[in-house]
$ cat run.cif   # mmCIF, C-alpha atoms
data_final
loop_
_atom_site.group_PDB
_atom_site.id
_atom_site.type_symbol
_atom_site.label_atom_id
_atom_site.label_comp_id
_atom_site.auth_asym_id
_atom_site.auth_seq_id
_atom_site.Cartn_x
_atom_site.Cartn_y
_atom_site.Cartn_z
ATOM 1 C CA VAL A 190 118.989 120.862 95.762
ATOM 2 C CA GLY A 191 121.828 121.808 98.122
ATOM 3 C CA ILE A 192 121.270 125.507 97.410
ATOM 4 C CA LEU A 193 117.581 125.206 98.304
ATOM 5 C CA ARG A 194 118.439 123.350 101.512
ATOM 6 C CA ASP A 195 120.912 126.105 102.388
ATOM 7 C CA HIS A 196 118.047 128.612 102.115
ATOM 8 C CA GLY A 197 115.808 126.674 104.494
ATOM 9 C CA LEU A 198 113.906 124.220 102.276
ATOM 10 C CA GLU A 199 113.103 120.919 103.977
ATOM 11 C CA ALA A 200 111.109 117.888 102.916
ATOM 12 C CA ILE A 201 108.124 116.709 104.951
ATOM 13 C CA ASN A 202 108.132 112.898 105.009
ATOM 14 C CA PRO A 203 105.819 111.989 107.930
ATOM 15 C CA LEU A 204 105.614 108.192 107.742
ATOM 16 C CA GLY A 205 104.508 106.863 111.147
ATOM 17 C CA GLU A 206 103.767 110.298 112.593
ATOM 18 C CA ALA A 207 100.416 111.435 113.975
ATOM 19 C CA PHE A 208 98.245 113.076 111.305
ATOM 20 C CA ASP A 209 98.610 116.872 111.382
ATOM 21 C CA PRO A 210 96.241 118.780 109.062
ATOM 22 C CA VAL A 211 98.638 121.746 108.961
ATOM 23 C CA ASN A 212 101.494 119.707 107.470
ATOM 24 C CA HIS A 213 99.599 116.795 105.877
ATOM 25 C CA GLU A 214 96.801 116.387 103.351
ATOM 26 C CA SER A 215 94.832 113.177 103.853
ATOM 27 C CA ILE A 216 93.919 111.653 100.507
ATOM 28 C CA GLU A 217 92.619 108.354 101.864
ATOM 29 C CA SER A 218 91.654 106.663 105.111
ATOM 30 C CA VAL A 219 92.940 103.090 105.363
ATOM 31 C CA ALA A 220 91.392 100.471 107.670
ATOM 32 C CA THR A 221 93.922 98.966 110.068
ATOM 33 C CA ASP A 222 93.816 96.234 112.711
ATOM 34 C CA LYS A 223 96.479 97.897 114.885
ATOM 35 C CA LYS A 224 95.293 100.507 117.377
ATOM 36 C CA ALA A 225 98.776 102.073 117.250
ATOM 37 C CA ASP A 226 98.140 103.066 113.589
ATOM 38 C CA ASP A 227 94.890 104.912 114.364
ATOM 39 C CA GLU A 228 95.097 108.498 113.041
ATOM 40 C CA ARG A 229 98.726 108.003 112.042
ATOM 41 C CA VAL A 230 100.317 108.336 108.608
ATOM 42 C CA VAL A 231 100.593 104.799 107.205
ATOM 43 C CA GLU A 232 101.736 105.739 103.687
ATOM 44 C CA VAL A 233 103.191 108.859 102.069
ATOM 45 C CA MET A 234 102.007 109.381 98.507
ATOM 46 C CA LYS A 235 103.912 112.663 97.923
ATOM 47 C CA LYS A 236 106.413 114.317 100.211
ATOM 48 C CA GLY A 237 105.602 117.849 101.253
ATOM 49 C CA TYR A 238 107.912 120.826 101.444
ATOM 50 C CA ARG A 239 108.444 123.608 103.964
ATOM 51 C CA LEU A 240 110.495 126.766 103.419
ATOM 52 C CA ARG A 241 111.561 128.043 106.820
ATOM 53 C CA ASN A 242 108.186 128.077 108.663
ATOM 54 C CA LYS A 243 105.909 128.260 105.627
ATOM 55 C CA ILE A 244 104.326 125.146 104.095
ATOM 56 C CA LEU A 245 104.865 125.185 100.328
ATOM 57 C CA ARG A 246 103.101 121.878 99.776
ATOM 58 C CA PRO A 247 101.591 119.620 102.446
ATOM 59 C CA ALA A 248 102.565 115.954 102.307
ATOM 60 C CA GLN A 249 99.838 113.839 100.676
ATOM 61 C CA VAL A 250 99.252 110.863 102.929
ATOM 62 C CA LYS A 251 97.069 107.882 103.736
ATOM 63 C CA VAL A 252 95.856 107.823 107.346
ATOM 64 C CA GLY A 253 95.125 104.700 109.391
ATOM 65 C CA ALA A 254 91.653 104.155 110.827
ATOM 66 C CA PHE A 255 91.472 101.503 113.558
ATOM 67 C CA ASN A 256 88.529 99.099 113.186
ATOM 68 C CA LYS A 257 87.312 97.906 116.567
#

$ encode --input "run.cif" --output "structure tokens"
Amino acid sequence: VGILRDHGLEAINPLGEAFDPVNHESIESVATDKKADDERVVEVMKKGYRLRNKILRPAQVKVGAFNK
């Protein structure tokens, strides 16, 4: 794993970040009572990976959907 990191591999673990379709793959929308969680990653199902600037695998995530 250290060798891969030395060559530019990094994990994408976006818990709490705003949903970004370039780096994240939404597998489920989850209802939330907090407006702060709207369109944010509330759970990471699988970490993603990036090699330098290229996405090898987007992170599979659940995204919050605020219910008014």

$ atom_distance --input "run.cif" --atom1 "atom CA of A:Lys251" --atom2 "atom CA of A:Asn212"
13.2 Å

$ atom_distance --input "run.cif" --atom1 "atom CA of A:Pro210" --atom2 "atom CA of A:Arg194"
23.9 Å

$ residues_around --input "run.cif" --residues "stretch 215-230 of chain A" --least-positions-apart "3" --cutoff "6 Å" --atoms "only C-alpha atoms" --output "PyMOL selection string"
chain A and resi 204-208+249-255

$ write_last_selection --input "run.cif" --atoms "C-alpha atoms" --output "PDB file, in the coordinates of the input"
ATOM      1  CA  LEU A 204     105.614 108.192 107.742  1.00  0.00           C
ATOM      2  CA  GLY A 205     104.508 106.863 111.147  1.00  0.00           C
ATOM      3  CA  GLU A 206     103.767 110.298 112.593  1.00  0.00           C
ATOM      4  CA  ALA A 207     100.416 111.435 113.975  1.00  0.00           C
ATOM      5  CA  PHE A 208      98.245 113.076 111.305  1.00  0.00           C
ATOM      6  CA  GLN A 249      99.838 113.839 100.676  1.00  0.00           C
ATOM      7  CA  VAL A 250      99.252 110.863 102.929  1.00  0.00           C
ATOM      8  CA  LYS A 251      97.069 107.882 103.736  1.00  0.00           C
ATOM      9  CA  VAL A 252      95.856 107.823 107.346  1.00  0.00           C
ATOM     10  CA  GLY A 253      95.125 104.700 109.391  1.00  0.00           C
ATOM     11  CA  ALA A 254      91.653 104.155 110.827  1.00  0.00           C
ATOM     12  CA  PHE A 255      91.472 101.503 113.558  1.00  0.00           C
TER      13      PHE A 255
END

$ atom_distance --input "run.cif" --atom1 "atom CA of A:Asp209" --atom2 "atom CA of A:Ile192"
28.0 Å

$ residues_around --input "run.cif" --residues "stretch 233-239 of chain A" --least-positions-apart "5" --cutoff "7 Å" --atoms "only C-alpha atoms" --output "list in words"
Leu198, Glu199, Ala200, Ile201, Asn202, Leu204, Ile244, Leu245, Arg246, Pro247, Ala248, Gln249, Val250 and Lys251 of chain A

$ axis_aligned_box --input "run.cif" --around "stretch 194-208 of chain A" --padding-each-side "6 Å" --output "AutoDock Vina command-line options"
--center_x 109.6 --center_y 117.7 --center_z 107.7 --size_x 34.7 --size_y 33.7 --size_z 24.5

$ build_atoms --input "run.cif" --residues "stretch 243-254 of chain A" --atoms "N, CA and C atoms" --output "mmCIF file, keeping the file's coordinate frame"
data_model
loop_
_atom_site.group_PDB
_atom_site.id
_atom_site.type_symbol
_atom_site.label_atom_id
_atom_site.label_comp_id
_atom_site.auth_asym_id
_atom_site.auth_seq_id
_atom_site.Cartn_x
_atom_site.Cartn_y
_atom_site.Cartn_z
ATOM 1 N N LYS A 243 107.071 128.219 106.517
ATOM 2 C CA LYS A 243 105.909 128.260 105.627
ATOM 3 C C LYS A 243 105.786 126.945 104.850
ATOM 4 N N ILE A 244 104.589 126.374 104.851
ATOM 5 C CA ILE A 244 104.326 125.146 104.095
ATOM 6 C C ILE A 244 104.149 125.514 102.627
ATOM 7 N N LEU A 245 105.011 124.970 101.770
ATOM 8 C CA LEU A 245 104.865 125.185 100.328
ATOM 9 C C LEU A 245 103.893 124.181 99.738
ATOM 10 N N ARG A 246 104.019 122.935 100.202
ATOM 11 C CA ARG A 246 103.101 121.878 99.776
ATOM 12 C C ARG A 246 102.981 120.877 100.916
ATOM 13 N N PRO A 247 101.738 120.624 101.392
ATOM 14 C CA PRO A 247 101.591 119.620 102.446
ATOM 15 C C PRO A 247 101.867 118.232 101.881
ATOM 16 N N ALA A 248 102.334 117.339 102.722
ATOM 17 C CA ALA A 248 102.565 115.954 102.307
ATOM 18 C C ALA A 248 101.208 115.291 102.065
ATOM 19 N N GLN A 249 101.068 114.573 100.960
ATOM 20 C CA GLN A 249 99.838 113.839 100.676
ATOM 21 C C GLN A 249 99.997 112.438 101.244
ATOM 22 N N VAL A 250 99.073 112.081 102.156
ATOM 23 C CA VAL A 250 99.252 110.863 102.929
ATOM 24 C C VAL A 250 97.974 110.037 103.019
ATOM 25 N N LYS A 251 98.168 108.753 103.376
ATOM 26 C CA LYS A 251 97.069 107.882 103.736
ATOM 27 C C LYS A 251 97.129 107.732 105.258
ATOM 28 N N VAL A 252 95.946 107.841 105.883
ATOM 29 C CA VAL A 252 95.856 107.823 107.346
ATOM 30 C C VAL A 252 95.158 106.558 107.811
ATOM 31 N N GLY A 253 95.705 105.916 108.838
ATOM 32 C CA GLY A 253 95.125 104.700 109.391
ATOM 33 C C GLY A 253 93.857 104.992 110.182
ATOM 34 N N ALA A 254 92.899 104.077 110.070
ATOM 35 C CA ALA A 254 91.653 104.155 110.827
ATOM 36 C C ALA A 254 91.440 102.797 111.480
#
